[in-house]
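For reference, final20.pdb is printed below; it contains PDB, C-alpha atoms.
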ATOM      1  CA  MET H   1      32.161  -8.945 -25.141  1.00  0.00           C
ATOM      2  CA  ARG H   2      35.070  -6.678 -25.949  1.00  0.00           C
ATOM      3  CA  LEU H   3      34.849  -2.987 -25.059  1.00  0.00           C
ATOM      4  CA  ALA H   4      36.375  -0.357 -27.294  1.00  0.00           C
ATOM      5  CA  ILE H   5      39.838   0.871 -26.136  1.00  0.00           C
ATOM      6  CA  PRO H   6      38.723   4.511 -25.565  1.00  0.00           C
ATOM      7  CA  LEU H   7      35.884   3.342 -23.310  1.00  0.00           C
ATOM      8  CA  LEU H   8      38.253   1.112 -21.304  1.00  0.00           C
ATOM      9  CA  LEU H   9      40.615   4.045 -20.768  1.00  0.00           C
ATOM     10  CA  THR H  10      37.705   6.257 -19.704  1.00  0.00           C
ATOM     11  CA  LEU H  11      36.457   3.685 -17.207  1.00  0.00           C
ATOM     12  CA  ALA H  12      39.942   3.200 -15.777  1.00  0.00           C
ATOM     13  CA  ALA H  13      40.290   6.930 -15.176  1.00  0.00           C
ATOM     14  CA  CYS H  14      37.011   7.240 -13.279  1.00  0.00           C
ATOM     15  CA  LYS H  15      36.667   6.624  -9.571  1.00  0.00           C
ATOM     16  CA  PRO H  16      33.618   4.618  -8.467  1.00  0.00           C
ATOM     17  CA  THR H  17      30.779   6.815  -7.246  1.00  0.00           C
ATOM     18  CA  ALA H  18      27.410   6.084  -5.680  1.00  0.00           C
ATOM     19  CA  GLN H  19      24.585   6.206  -8.245  1.00  0.00           C
ATOM     20  CA  SER H  20      21.157   7.318  -7.074  1.00  0.00           C
ATOM     21  CA  LEU H  21      18.342   5.378  -8.669  1.00  0.00           C
ATOM     22  CA  LEU H  22      16.562   8.688  -9.277  1.00  0.00           C
ATOM     23  CA  ASP H  23      19.404  10.179 -11.326  1.00  0.00           C
ATOM     24  CA  PRO H  24      18.477  10.507 -15.006  1.00  0.00           C
ATOM     25  CA  ILE H  25      19.859   7.552 -16.975  1.00  0.00           C
ATOM     26  CA  ASP H  26      20.285   7.716 -20.747  1.00  0.00           C
ATOM     27  CA  THR H  27      21.433   4.372 -22.070  1.00  0.00           C
ATOM     28  CA  ARG H  28      22.193   5.907 -25.448  1.00  0.00           C
ATOM     29  CA  VAL H  29      25.504   7.042 -23.947  1.00  0.00           C
ATOM     30  CA  GLN H  30      25.891   4.342 -21.287  1.00  0.00           C
ATOM     31  CA  VAL H  31      25.547   1.232 -23.455  1.00  0.00           C
ATOM     32  CA  ASP H  32      28.417  -0.155 -25.510  1.00  0.00           C
ATOM     33  CA  ALA H  33      27.920  -3.140 -27.813  1.00  0.00           C
ATOM     34  CA  GLY H  34      24.985  -4.334 -25.703  1.00  0.00           C
ATOM     35  CA  ALA H  35      26.603  -3.856 -22.279  1.00  0.00           C
ATOM     36  CA  ASP H  36      23.896  -2.972 -19.753  1.00  0.00           C
ATOM     37  CA  LEU H  37      25.360  -0.696 -17.063  1.00  0.00           C
ATOM     38  CA  LEU H  38      22.121  -0.300 -15.063  1.00  0.00           C
ATOM     39  CA  PRO H  39      20.011  -3.461 -15.467  1.00  0.00           C
ATOM     40  CA  SER H  40      16.281  -3.743 -14.963  1.00  0.00           C
ATOM     41  CA  LEU H  41      15.313  -4.641 -11.396  1.00  0.00           C
ATOM     42  CA  CYS H  42      12.073  -6.392 -12.328  1.00  0.00           C
ATOM     43  CA  SER H  43      13.498  -9.870 -11.723  1.00  0.00           C
ATOM     44  CA  ILE H  44      14.044  -9.034  -8.033  1.00  0.00           C
ATOM     45  CA  ALA H  45      11.237  -6.512  -7.458  1.00  0.00           C
ATOM     46  CA  ASN H  46       8.969  -9.041  -5.654  1.00  0.00           C
ATOM     47  CA  VAL H  47       5.730  -7.371  -6.746  1.00  0.00           C
ATOM     48  CA  ALA H  48       2.513  -8.422  -8.479  1.00  0.00           C
ATOM     49  CA  LEU H  49       3.659  -7.102 -11.856  1.00  0.00           C
ATOM     50  CA  CYS H  50       6.906  -5.511 -13.034  1.00  0.00           C
ATOM     51  CA  ASP H  51       7.901  -4.915 -16.638  1.00  0.00           C
ATOM     52  CA  GLY H  52      11.130  -3.292 -17.828  1.00  0.00           C
ATOM     53  CA  PHE H  53      10.108  -3.941 -21.462  1.00  0.00           C
ATOM     54  CA  GLU H  54      13.363  -5.771 -22.180  1.00  0.00           C
ATOM     55  CA  GLY H  55      11.804  -8.277 -24.595  1.00  0.00           C
ATOM     56  CA  ASP H  56      11.589  -7.972 -28.369  1.00  0.00           C
ATOM     57  CA  VAL H  57       7.802  -7.636 -28.291  1.00  0.00           C
ATOM     58  CA  LEU H  58       5.118  -6.671 -25.786  1.00  0.00           C
ATOM     59  CA  ALA H  59       3.776  -9.707 -23.965  1.00  0.00           C
ATOM     60  CA  TYR H  60       0.078 -10.593 -23.791  1.00  0.00           C
ATOM     61  CA  PRO H  61      -0.885 -11.165 -21.092  1.00  0.00           C
ATOM     62  CA  PRO H  62      -0.604  -8.783 -19.344  1.00  0.00           C
ATOM     63  CA  TRP H  63      -0.610  -6.012 -21.933  1.00  0.00           C
ATOM     64  CA  LEU H  64      -3.325  -4.881 -24.309  1.00  0.00           C
ATOM     65  CA  VAL H  65      -2.319  -2.138 -26.763  1.00  0.00           C
ATOM     66  CA  VAL H  66      -4.692   0.687 -27.644  1.00  0.00           C
ATOM     67  CA  ALA H  67      -3.470   2.712 -30.611  1.00  0.00           C
ATOM     68  CA  HIS H  68      -5.521   5.227 -32.591  1.00  0.00           C
ATOM     69  CA  ALA H  69      -3.585   7.625 -34.843  1.00  0.00           C
ATOM     70  CA  GLY H  70      -0.335   6.532 -33.235  1.00  0.00           C
ATOM     71  CA  ALA H  71       1.751   3.546 -32.161  1.00  0.00           C
ATOM     72  CA  VAL H  72       3.068   1.735 -29.076  1.00  0.00           C
ATOM     73  CA  ASP H  73       6.376  -0.089 -29.455  1.00  0.00           C
ATOM     74  CA  ILE H  74       9.546  -1.294 -27.742  1.00  0.00           C
ATOM     75  CA  ASP H  75      12.288   1.351 -28.001  1.00  0.00           C
ATOM     76  CA  ARG H  76      15.988   0.460 -28.011  1.00  0.00           C
ATOM     77  CA  LEU H  77      17.382   4.010 -27.911  1.00  0.00           C
ATOM     78  CA  ARG H  78      16.164   5.266 -24.535  1.00  0.00           C
ATOM     79  CA  ALA H  79      15.725   3.501 -21.190  1.00  0.00           C
ATOM     80  CA  TYR H  80      15.826   4.338 -17.488  1.00  0.00           C
ATOM     81  CA  ARG H  81      17.136   0.890 -16.614  1.00  0.00           C
ATOM     82  CA  GLY H  82      18.072  -1.957 -18.915  1.00  0.00           C
ATOM     83  CA  LEU H  83      18.405  -1.572 -22.664  1.00  0.00           C
ATOM     84  CA  ARG H  84      14.804  -0.870 -23.664  1.00  0.00           C
ATOM     85  CA  SER H  85      11.646   0.974 -22.706  1.00  0.00           C
ATOM     86  CA  ILE H  86       8.148   1.388 -24.118  1.00  0.00           C
ATOM     87  CA  ARG H  87       7.494   4.341 -26.441  1.00  0.00           C
ATOM     88  CA  PHE H  88       4.084   5.922 -26.991  1.00  0.00           C
ATOM     89  CA  HIS H  89       3.825   7.880 -30.240  1.00  0.00           C
ATOM     90  CA  THR H  90       0.940  10.031 -31.466  1.00  0.00           C
ATOM     91  CA  ASP H  91       0.723  11.210 -35.056  1.00  0.00           C
ATOM     92  CA  PRO H  92       0.555  14.938 -35.887  1.00  0.00           C
ATOM     93  CA  MET H  93      -2.847  16.583 -35.995  1.00  0.00           C
ATOM     94  CA  PRO H  94      -2.863  18.736 -39.146  1.00  0.00           C
ATOM     95  CA  ASP H  95      -6.540  19.695 -38.847  1.00  0.00           C
ATOM     96  CA  THR H  96      -9.514  19.354 -36.524  1.00  0.00           C
ATOM     97  CA  VAL H  97     -11.405  16.645 -38.428  1.00  0.00           C
ATOM     98  CA  GLU H  98     -10.301  13.833 -36.077  1.00  0.00           C
ATOM     99  CA  PRO H  99      -9.346  15.224 -32.653  1.00  0.00           C
ATOM    100  CA  ARG H 100      -8.481  11.875 -31.003  1.00  0.00           C
ATOM    101  CA  ARG H 101      -4.875  10.684 -30.632  1.00  0.00           C
ATOM    102  CA  HIS H 102      -4.737   7.720 -28.282  1.00  0.00           C
ATOM    103  CA  THR H 103      -1.825   5.346 -27.552  1.00  0.00           C
ATOM    104  CA  GLU H 104      -1.893   3.385 -24.296  1.00  0.00           C
ATOM    105  CA  LEU H 105      -1.047   0.093 -22.619  1.00  0.00           C
ATOM    106  CA  THR H 106      -3.795  -1.434 -20.491  1.00  0.00           C
ATOM    107  CA  GLU H 107      -3.931  -4.519 -18.290  1.00  0.00           C
ATOM    108  CA  VAL H 108      -6.668  -6.291 -16.336  1.00  0.00           C
ATOM    109  CA  ASP H 109      -5.021  -9.250 -14.601  1.00  0.00           C
ATOM    110  CA  THR H 110      -3.053  -7.910 -11.615  1.00  0.00           C
ATOM    111  CA  ILE H 111      -5.374  -5.398  -9.951  1.00  0.00           C
ATOM    112  CA  PRO H 112      -5.323  -5.691  -6.137  1.00  0.00           C
ATOM    113  CA  PRO H 113      -8.626  -5.716  -4.207  1.00  0.00           C
ATOM    114  CA  SER H 114      -7.930  -2.675  -2.002  1.00  0.00           C
ATOM    115  CA  LEU H 115      -4.930  -0.393  -2.424  1.00  0.00           C
ATOM    116  CA  VAL H 116      -3.655  -0.147  -5.984  1.00  0.00           C
ATOM    117  CA  ALA H 117      -0.100   1.151  -6.405  1.00  0.00           C
ATOM    118  CA  LEU H 118       1.044   1.985  -9.926  1.00  0.00           C
ATOM    119  CA  ARG H 119       4.707   3.028 -10.300  1.00  0.00           C
ATOM    120  CA  PHE H 120       6.628   3.856 -13.462  1.00  0.00           C
ATOM    121  CA  PHE H 121       9.459   6.015 -14.757  1.00  0.00           C
ATOM    122  CA  VAL H 122       8.407   8.465 -17.452  1.00  0.00           C
ATOM    123  CA  TYR H 123      10.328  10.625 -19.936  1.00  0.00           C
ATOM    124  CA  LEU H 124       8.620  13.503 -21.781  1.00  0.00           C
ATOM    125  CA  PRO H 125      10.751  15.643 -24.122  1.00  0.00           C
ATOM    126  CA  SER H 126      10.126  19.375 -24.335  1.00  0.00           C
ATOM    127  CA  PRO H 127       8.085  21.233 -25.301  1.00  0.00           C
ATOM    128  CA  THR H 128       5.049  20.094 -23.358  1.00  0.00           C
ATOM    129  CA  PRO H 129       2.083  19.163 -25.608  1.00  0.00           C
ATOM    130  CA  VAL H 130      -0.210  22.020 -26.589  1.00  0.00           C
ATOM    131  CA  ALA H 131      -3.304  20.099 -25.456  1.00  0.00           C
ATOM    132  CA  GLY H 132      -4.106  18.291 -22.219  1.00  0.00           C
ATOM    133  CA  TRP H 133      -3.556  14.526 -22.249  1.00  0.00           C
ATOM    134  CA  ARG H 134      -4.115  11.419 -20.138  1.00  0.00           C
ATOM    135  CA  LEU H 135      -1.039   9.794 -18.607  1.00  0.00           C
ATOM    136  CA  ALA H 136      -2.571   7.059 -16.415  1.00  0.00           C
ATOM    137  CA  SER H 137      -5.966   5.638 -15.500  1.00  0.00           C
ATOM    138  CA  MET H 138      -7.714   3.233 -13.113  1.00  0.00           C
ATOM    139  CA  LEU H 139     -11.053   2.442 -14.730  1.00  0.00           C
ATOM    140  CA  ASP H 140     -14.138   0.254 -14.642  1.00  0.00           C
ATOM    141  CA  ARG H 141     -13.538  -2.676 -16.987  1.00  0.00           C
ATOM    142  CA  ALA H 142     -17.001  -2.372 -18.557  1.00  0.00           C
ATOM    143  CA  ASP H 143     -17.797   0.166 -21.254  1.00  0.00           C
ATOM    144  CA  PRO H 144     -17.768   3.228 -21.050  1.00  0.00           C
ATOM    145  CA  ASN H 145     -14.747   2.675 -18.744  1.00  0.00           C
ATOM    146  CA  VAL H 146     -15.355   5.396 -16.163  1.00  0.00           C
ATOM    147  CA  GLY H 147     -12.933   5.840 -13.298  1.00  0.00           C
ATOM    148  CA  ALA H 148      -9.987   7.762 -11.934  1.00  0.00           C
ATOM    149  CA  MET H 149      -7.710   9.421 -14.478  1.00  0.00           C
ATOM    150  CA  LEU H 150      -4.432  11.318 -14.222  1.00  0.00           C
ATOM    151  CA  PHE H 151      -4.079  14.041 -16.845  1.00  0.00           C
ATOM    152  CA  VAL H 152      -1.356  16.573 -17.681  1.00  0.00           C
ATOM    153  CA  THR H 153      -2.562  20.043 -18.696  1.00  0.00           C
ATOM    154  CA  PRO H 154      -1.129  22.152 -21.559  1.00  0.00           C
ATOM    155  CA  GLU H 155       0.873  23.958 -18.860  1.00  0.00           C
ATOM    156  CA  GLY H 156       2.327  20.628 -17.733  1.00  0.00           C
ATOM    157  CA  ARG H 157       0.415  20.472 -14.425  1.00  0.00           C
ATOM    158  CA  PHE H 158      -0.962  17.220 -13.002  1.00  0.00           C
ATOM    159  CA  ASP H 159      -4.760  17.019 -13.052  1.00  0.00           C
ATOM    160  CA  LEU H 160      -6.547  14.178 -11.244  1.00  0.00           C
ATOM    161  CA  VAL H 161     -10.139  13.458 -12.273  1.00  0.00           C
ATOM    162  CA  GLY H 162     -12.246  11.132 -10.123  1.00  0.00           C
ATOM    163  CA  ALA H 163     -14.944   8.716 -11.269  1.00  0.00           C
ATOM    164  CA  ALA H 164     -17.669  11.262 -10.520  1.00  0.00           C
ATOM    165  CA  GLY H 165     -15.970  13.858 -12.717  1.00  0.00           C
ATOM    166  CA  ASP H 166     -14.499  15.779  -9.781  1.00  0.00           C
ATOM    167  CA  GLU H 167     -11.288  17.545 -10.836  1.00  0.00           C
ATOM    168  CA  HIS H 168      -8.223  18.190  -8.690  1.00  0.00           C
ATOM    169  CA  LEU H 169      -5.647  20.425 -10.370  1.00  0.00           C
ATOM    170  CA  SER H 170      -2.131  20.484  -8.920  1.00  0.00           C
ATOM    171  CA  SER H 171       0.464  23.245  -9.003  1.00  0.00           C
ATOM    172  CA  THR H 172       3.145  20.586  -9.593  1.00  0.00           C
ATOM    173  CA  THR H 173       4.292  19.972 -13.156  1.00  0.00           C
ATOM    174  CA  LEU H 174       5.647  16.879 -14.881  1.00  0.00           C
ATOM    175  CA  PRO H 175       9.415  17.336 -15.418  1.00  0.00           C
ATOM    176  CA  LEU H 176      10.626  17.527 -19.012  1.00  0.00           C
ATOM    177  CA  ASP H 177      13.750  16.128 -20.686  1.00  0.00           C
ATOM    178  CA  ARG H 178      14.600  13.716 -17.864  1.00  0.00           C
ATOM    179  CA  TRP H 179      13.354  10.507 -16.335  1.00  0.00           C
ATOM    180  CA  ALA H 180      10.869  11.087 -13.509  1.00  0.00           C
ATOM    181  CA  CYS H 181       9.557   8.514 -11.027  1.00  0.00           C
ATOM    182  CA  LEU H 182       5.765   8.580 -10.623  1.00  0.00           C
ATOM    183  CA  GLU H 183       3.763   6.505  -8.157  1.00  0.00           C
ATOM    184  CA  TRP H 184      -0.013   6.684  -7.941  1.00  0.00           C
ATOM    185  CA  ARG H 185      -1.681   5.013  -4.957  1.00  0.00           C
ATOM    186  CA  LEU H 186      -5.442   4.648  -5.021  1.00  0.00           C
ATOM    187  CA  THR H 187      -7.284   3.241  -1.992  1.00  0.00           C
ATOM    188  CA  ARG H 188     -10.520   1.700  -3.124  1.00  0.00           C
ATOM    189  CA  GLY H 189     -13.962   2.023  -1.573  1.00  0.00           C
ATOM    190  CA  PRO H 190     -16.326   4.817  -0.426  1.00  0.00           C
ATOM    191  CA  THR H 191     -13.872   5.967   2.253  1.00  0.00           C
ATOM    192  CA  GLY H 192     -10.792   5.577   0.069  1.00  0.00           C
ATOM    193  CA  GLY H 193      -8.564   8.195  -1.436  1.00  0.00           C
ATOM    194  CA  SER H 194      -5.672   8.917  -3.758  1.00  0.00           C
ATOM    195  CA  ARG H 195      -2.027   9.969  -3.413  1.00  0.00           C
ATOM    196  CA  LEU H 196       0.515  10.876  -6.085  1.00  0.00           C
ATOM    197  CA  PHE H 197       4.296  10.845  -5.608  1.00  0.00           C
ATOM    198  CA  LEU H 198       6.897  12.467  -7.875  1.00  0.00           C
ATOM    199  CA  ASP H 199      10.501  11.273  -7.439  1.00  0.00           C
ATOM    200  CA  GLY H 200       9.524   9.804  -4.072  1.00  0.00           C
ATOM    201  CA  GLN H 201       7.940  13.015  -2.732  1.00  0.00           C
ATOM    202  CA  GLU H 202       4.189  13.237  -2.162  1.00  0.00           C
ATOM    203  CA  ILE H 203       2.333  15.977  -4.068  1.00  0.00           C
ATOM    204  CA  PRO H 204       0.243  17.544  -1.261  1.00  0.00           C
ATOM    205  CA  ASP H 205      -2.485  19.155  -3.364  1.00  0.00           C
ATOM    206  CA  LEU H 206      -3.320  15.773  -4.927  1.00  0.00           C
ATOM    207  CA  THR H 207      -3.689  13.935  -1.616  1.00  0.00           C
ATOM    208  CA  LEU H 208      -7.357  12.969  -1.256  1.00  0.00           C
ATOM    209  CA  THR H 209      -8.729  11.214   1.834  1.00  0.00           C
ATOM    210  CA  ASN H 210     -12.179   9.847   2.671  1.00  0.00           C
ATOM    211  CA  THR H 211     -13.068  10.270  -0.973  1.00  0.00           C
ATOM    212  CA  ARG H 212     -14.322   7.685  -3.443  1.00  0.00           C
ATOM    213  CA  VAL H 213     -12.074   8.207  -6.446  1.00  0.00           C
ATOM    214  CA  GLU H 214     -12.592   4.833  -8.138  1.00  0.00           C
ATOM    215  CA  PRO H 215     -15.690   3.825 -10.163  1.00  0.00           C
ATOM    216  CA  PRO H 216     -18.585   2.295  -8.159  1.00  0.00           C
ATOM    217  CA  ALA H 217     -18.034  -1.097  -9.813  1.00  0.00           C
ATOM    218  CA  GLY H 218     -14.384  -1.067  -8.784  1.00  0.00           C
ATOM    219  CA  VAL H 219     -11.152  -0.776 -10.720  1.00  0.00           C
ATOM    220  CA  GLY H 220     -10.946  -3.390 -13.443  1.00  0.00           C
ATOM    221  CA  LEU H 221      -8.513  -1.860 -15.887  1.00  0.00           C
ATOM    222  CA  LEU H 222      -5.192  -0.037 -15.458  1.00  0.00           C
ATOM    223  CA  GLY H 223      -3.739   2.125 -18.206  1.00  0.00           C
ATOM    224  CA  VAL H 224      -0.690   4.256 -18.966  1.00  0.00           C
ATOM    225  CA  GLY H 225       0.292   6.138 -22.098  1.00  0.00           C
ATOM    226  CA  LEU H 226      -0.191   9.256 -24.189  1.00  0.00           C
ATOM    227  CA  ALA H 227      -3.830   9.976 -24.989  1.00  0.00           C
ATOM    228  CA  PHE H 228      -5.467  13.129 -26.341  1.00  0.00           C
ATOM    229  CA  PHE H 229      -9.264  13.280 -26.293  1.00  0.00           C
ATOM    230  CA  GLY H 230     -11.802  15.729 -27.643  1.00  0.00           C
ATOM    231  CA  ASN H 231      -9.571  18.711 -28.363  1.00  0.00           C
ATOM    232  CA  ALA H 232      -9.355  20.664 -31.602  1.00  0.00           C
ATOM    233  CA  ASN H 233      -5.742  21.832 -31.295  1.00  0.00           C
ATOM    234  CA  LEU H 234      -3.464  21.569 -34.285  1.00  0.00           C
ATOM    235  CA  GLN H 235      -0.412  19.779 -32.943  1.00  0.00           C
ATOM    236  CA  PRO H 236       2.768  18.001 -34.039  1.00  0.00           C
ATOM    237  CA  ALA H 237       3.671  14.387 -33.383  1.00  0.00           C
ATOM    238  CA  TYR H 238       4.573  13.551 -29.771  1.00  0.00           C
ATOM    239  CA  ASP H 239       6.497  10.790 -28.034  1.00  0.00           C
ATOM    240  CA  LEU H 240       6.481   9.585 -24.431  1.00  0.00           C
ATOM    241  CA  TRP H 241       8.662   6.873 -22.866  1.00  0.00           C
ATOM    242  CA  VAL H 242       7.836   4.641 -19.866  1.00  0.00           C
ATOM    243  CA  ASP H 243      10.105   2.125 -18.131  1.00  0.00           C
ATOM    244  CA  GLU H 244      10.162  -0.185 -15.074  1.00  0.00           C
ATOM    245  CA  LEU H 245       6.380  -0.221 -14.581  1.00  0.00           C
ATOM    246  CA  ILE H 246       5.143  -1.872 -11.385  1.00  0.00           C
ATOM    247  CA  VAL H 247       1.667  -2.769 -10.091  1.00  0.00           C
ATOM    248  CA  ASP H 248       1.330  -3.982  -6.506  1.00  0.00           C
ATOM    249  CA  PRO H 249      -1.103  -3.909  -3.550  1.00  0.00           C
ATOM    250  CA  ALA H 250       1.565  -2.261  -1.359  1.00  0.00           C
ATOM    251  CA  PRO H 251       3.400   1.065  -1.684  1.00  0.00           C
ATOM    252  CA  ILE H 252       6.369   0.716  -4.027  1.00  0.00           C
ATOM    253  CA  GLY H 253       8.779   3.682  -4.020  1.00  0.00           C
ATOM    254  CA  CYS H 254      11.420   4.435  -6.647  1.00  0.00           C
ATOM    255  CA  SER H 255      14.243   2.081  -5.653  1.00  0.00           C
ATOM    256  CA  ARG H 256      12.684  -1.127  -7.005  1.00  0.00           C
TER     257      ARG H 256
END
Show me, as structure tokens, the structure contained in the file I just sent.
Amino acid sequence: MRLAIPLLLTLAACKPTAQSLLDPIDTRVQVDAGADLLPSLCSIANVALCDGFEGDVLAYPPWLVVAHAGAVDIDRLRAYRGLRSIRFHTDPMPDTVEPRRHTELTEVDTIPPSLVALRFFVYLPSPTPVAGWRLASMLDRADPNVGAMLFVTPEGRFDLVGAAGDEHLSSTTLPLDRWACLEWRLTRGPTGGSRLFLDGQEIPDLTLTNTRVEPPAGVGLLGVGLAFFGNANLQPAYDLWVDELIVDPAPIGCSR
């Protein structure tokens, strides 16, 4: 591959610097003619499941797509690592006749028996949605799919809801207009608990111990996406991007 002359001159003038894996990466300005300057690490992650969404289409298994009044697709314009990510799009809500806007990826094949660690990089452009929405879930596989759910409020705050309907509202907000690293660790069983990490730092007011967060039948379905349920807010279209998604029985961190 041949790089354009201006880019070669720019690269020659720059001194090498250390790049933190948590620094925001926008491949729209760091990719030239298909050159990948920060490749996906999924091939060396050594975990139960890792997907950088670098293929032309979503693979099944592991992914099932849920899309109601929206779409889930591979995006080639924005990525944290690699050249592509997954984009969740919800259509605008011009009235209150149909309040549901639901676009998610779910998978059922790589759920560990005890600790479940779900890690992904997420990008939400401003402004924050006017209605609360579900970002991630660990649910019972059987209908009606009860379980632990991670929401984001209209103010942008994280809101964890357990299988029994218990709500835990955080003072921490989801960052906007940059890639953020999120890791959700759920320990299964009656004496389990839940922990949420943002950019590698634990969110203290969402640390739950000796608490059954998962459904009684156990976690059988993992989900991530952009889902609005049961609200009557008029709202525009929204987009959310996710990249480098990992599922594993052990803690993951942001460097893999």
| request: Mind checking which residues fall within 9 Å of H:Gly156, counting all atoms listed in the file, ignoring those fewer than 5 positions away in the same chain, and posting them as number ranges by chain? | output: H: 128-129, 132, 172-176
Give me the result of the PyMOL selection byres ((chain H and resi 198) around 12) on this file, residue by residue, as a CSV table (one decimal) with C-alpha atoms, keeping the file's coordinate frame.
chain,number,residue,atom,x,y,z
H,22,LEU,CA,16.6,8.7,-9.3
H,119,ARG,CA,4.7,3.0,-10.3
H,120,PHE,CA,6.6,3.9,-13.5
H,121,PHE,CA,9.5,6.0,-14.8
H,122,VAL,CA,8.4,8.5,-17.5
H,158,PHE,CA,-1.0,17.2,-13.0
H,172,THR,CA,3.1,20.6,-9.6
H,173,THR,CA,4.3,20.0,-13.2
H,174,LEU,CA,5.6,16.9,-14.9
H,175,PRO,CA,9.4,17.3,-15.4
H,179,TRP,CA,13.4,10.5,-16.3
H,180,ALA,CA,10.9,11.1,-13.5
H,181,CYS,CA,9.6,8.5,-11.0
H,182,LEU,CA,5.8,8.6,-10.6
H,183,GLU,CA,3.8,6.5,-8.2
H,184,TRP,CA,0.0,6.7,-7.9
H,185,ARG,CA,-1.7,5.0,-5.0
H,195,ARG,CA,-2.0,10.0,-3.4
H,196,LEU,CA,0.5,10.9,-6.1
H,197,PHE,CA,4.3,10.8,-5.6
H,199,ASP,CA,10.5,11.3,-7.4
H,200,GLY,CA,9.5,9.8,-4.1
H,201,GLN,CA,7.9,13.0,-2.7
H,202,GLU,CA,4.2,13.2,-2.2
H,203,ILE,CA,2.3,16.0,-4.1
H,204,PRO,CA,0.2,17.5,-1.3
H,206,LEU,CA,-3.3,15.8,-4.9
H,253,GLY,CA,8.8,3.7,-4.0
H,254,CYS,CA,11.4,4.4,-6.6
| said: Residues near H:Glu54, anyone? I mean within 9 Å using only C-alpha atoms, not counting same-chain ones fewer than 4 positions away, as a PyMOL selection string. | reply: chain H and resi 40+74+76+82-85
Please evaluate the PyMOL selection byres ((chain H and resi 168) around 10) against the displayed coordinates and give the resulting residues as a PDB file with C-alpha atoms, in the frame of the given file.
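The resulting part.pdb:
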ATOM      1  CA  LEU H 150      -4.432  11.318 -14.222  1.00  0.00           C
ATOM      2  CA  PHE H 158      -0.962  17.220 -13.002  1.00  0.00           C
ATOM      3  CA  ASP H 159      -4.760  17.019 -13.052  1.00  0.00           C
ATOM      4  CA  LEU H 160      -6.547  14.178 -11.244  1.00  0.00           C
ATOM      5  CA  VAL H 161     -10.139  13.458 -12.273  1.00  0.00           C
ATOM      6  CA  GLY H 162     -12.246  11.132 -10.123  1.00  0.00           C
ATOM      7  CA  GLY H 165     -15.970  13.858 -12.717  1.00  0.00           C
ATOM      8  CA  ASP H 166     -14.499  15.779  -9.781  1.00  0.00           C
ATOM      9  CA  GLU H 167     -11.288  17.545 -10.836  1.00  0.00           C
ATOM     10  CA  LEU H 169      -5.647  20.425 -10.370  1.00  0.00           C
ATOM     11  CA  SER H 170      -2.131  20.484  -8.920  1.00  0.00           C
ATOM     12  CA  ASP H 205      -2.485  19.155  -3.364  1.00  0.00           C
ATOM     13  CA  LEU H 206      -3.320  15.773  -4.927  1.00  0.00           C
ATOM     14  CA  THR H 207      -3.689  13.935  -1.616  1.00  0.00           C
ATOM     15  CA  LEU H 208      -7.357  12.969  -1.256  1.00  0.00           C
TER      16      LEU H 208
END
| task | I would like the residues chosen by the PyMOL selection byres ((chain H and resi 226) around 6) on the shown file; could you give them as a list in words? | result |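 Selected by the PyMOL selection byres ((chain H and resi 226) around 6) in this file: Thr103, Leu135, Gly225 and Ala227 of chain H.
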Those residues with C-alpha atoms, as a tab-separated table (two decimals), in the coordinates of the input please?
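In the end it all went to selection-v1.tsv:
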chain	number	residue	atom	x	y	z
H	103	THR	CA	-1.82	5.35	-27.55
H	135	LEU	CA	-1.04	9.79	-18.61
H	225	GLY	CA	0.29	6.14	-22.10
H	227	ALA	CA	-3.83	9.98	-24.99
Could you give me, as a PDB file with C-alpha atoms, keeping the file's coordinate frame, the residues within 6 Å of H:Ala163, counting all atoms listed in the file and dropping anything in the same chain fewer than 3 positions from it?
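The resulting file, around.pdb, is reproduced below:
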ATOM      1  CA  VAL H 146     -15.355   5.396 -16.163  1.00  0.00           C
ATOM      2  CA  GLY H 147     -12.933   5.840 -13.298  1.00  0.00           C
ATOM      3  CA  ALA H 148      -9.987   7.762 -11.934  1.00  0.00           C
ATOM      4  CA  VAL H 213     -12.074   8.207  -6.446  1.00  0.00           C
ATOM      5  CA  GLU H 214     -12.592   4.833  -8.138  1.00  0.00           C
ATOM      6  CA  PRO H 215     -15.690   3.825 -10.163  1.00  0.00           C
TER       7      PRO H 215
END
| task | Pick out the closest residue to H:Ala131 from this set: H:Leu41, H:Leu49, H:Met93, H:Ala164. Count all atoms listed in the file. | result | H:Met93
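Closest approach to H:Phe53 among H:Val242, H:Glu107, H:Val219, H:Asp248 is made by H:Val242 (distances from only C-alpha atoms).
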| Mind pulling up the distance from atom CA of H:Leu221 to atom CA of H:Asp56? |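 Between these atoms lies a distance of 24.4 Å.
In this comparison, which uses all atoms listed in the file, the residue of H:Ser171, H:Ala117, H:Gly55, H:Val108 approaching H:Ile252 most closely is H:Ala117.
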Rebuild N, CA and C atoms on stretch 240-244 of chain H, as a PDB file, in the frame of the given file?
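File produced: part-v3.pdb:
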ATOM      1  N   LEU H 240       6.361   9.732 -25.872  1.00  0.00           N
ATOM      2  CA  LEU H 240       6.481   9.585 -24.431  1.00  0.00           C
ATOM      3  C   LEU H 240       7.089   8.218 -24.167  1.00  0.00           C
ATOM      4  N   TRP H 241       8.028   8.141 -23.210  1.00  0.00           N
ATOM      5  CA  TRP H 241       8.662   6.873 -22.866  1.00  0.00           C
ATOM      6  C   TRP H 241       8.319   6.488 -21.431  1.00  0.00           C
ATOM      7  N   VAL H 242       8.122   5.190 -21.194  1.00  0.00           N
ATOM      8  CA  VAL H 242       7.836   4.641 -19.866  1.00  0.00           C
ATOM      9  C   VAL H 242       8.728   3.431 -19.660  1.00  0.00           C
ATOM     10  N   ASP H 243       9.240   3.258 -18.436  1.00  0.00           N
ATOM     11  CA  ASP H 243      10.105   2.125 -18.131  1.00  0.00           C
ATOM     12  C   ASP H 243       9.860   1.661 -16.698  1.00  0.00           C
ATOM     13  N   GLU H 244      10.215   0.405 -16.415  1.00  0.00           N
ATOM     14  CA  GLU H 244      10.162  -0.185 -15.074  1.00  0.00           C
ATOM     15  C   GLU H 244       8.794   0.046 -14.415  1.00  0.00           C
TER      16      GLU H 244
END
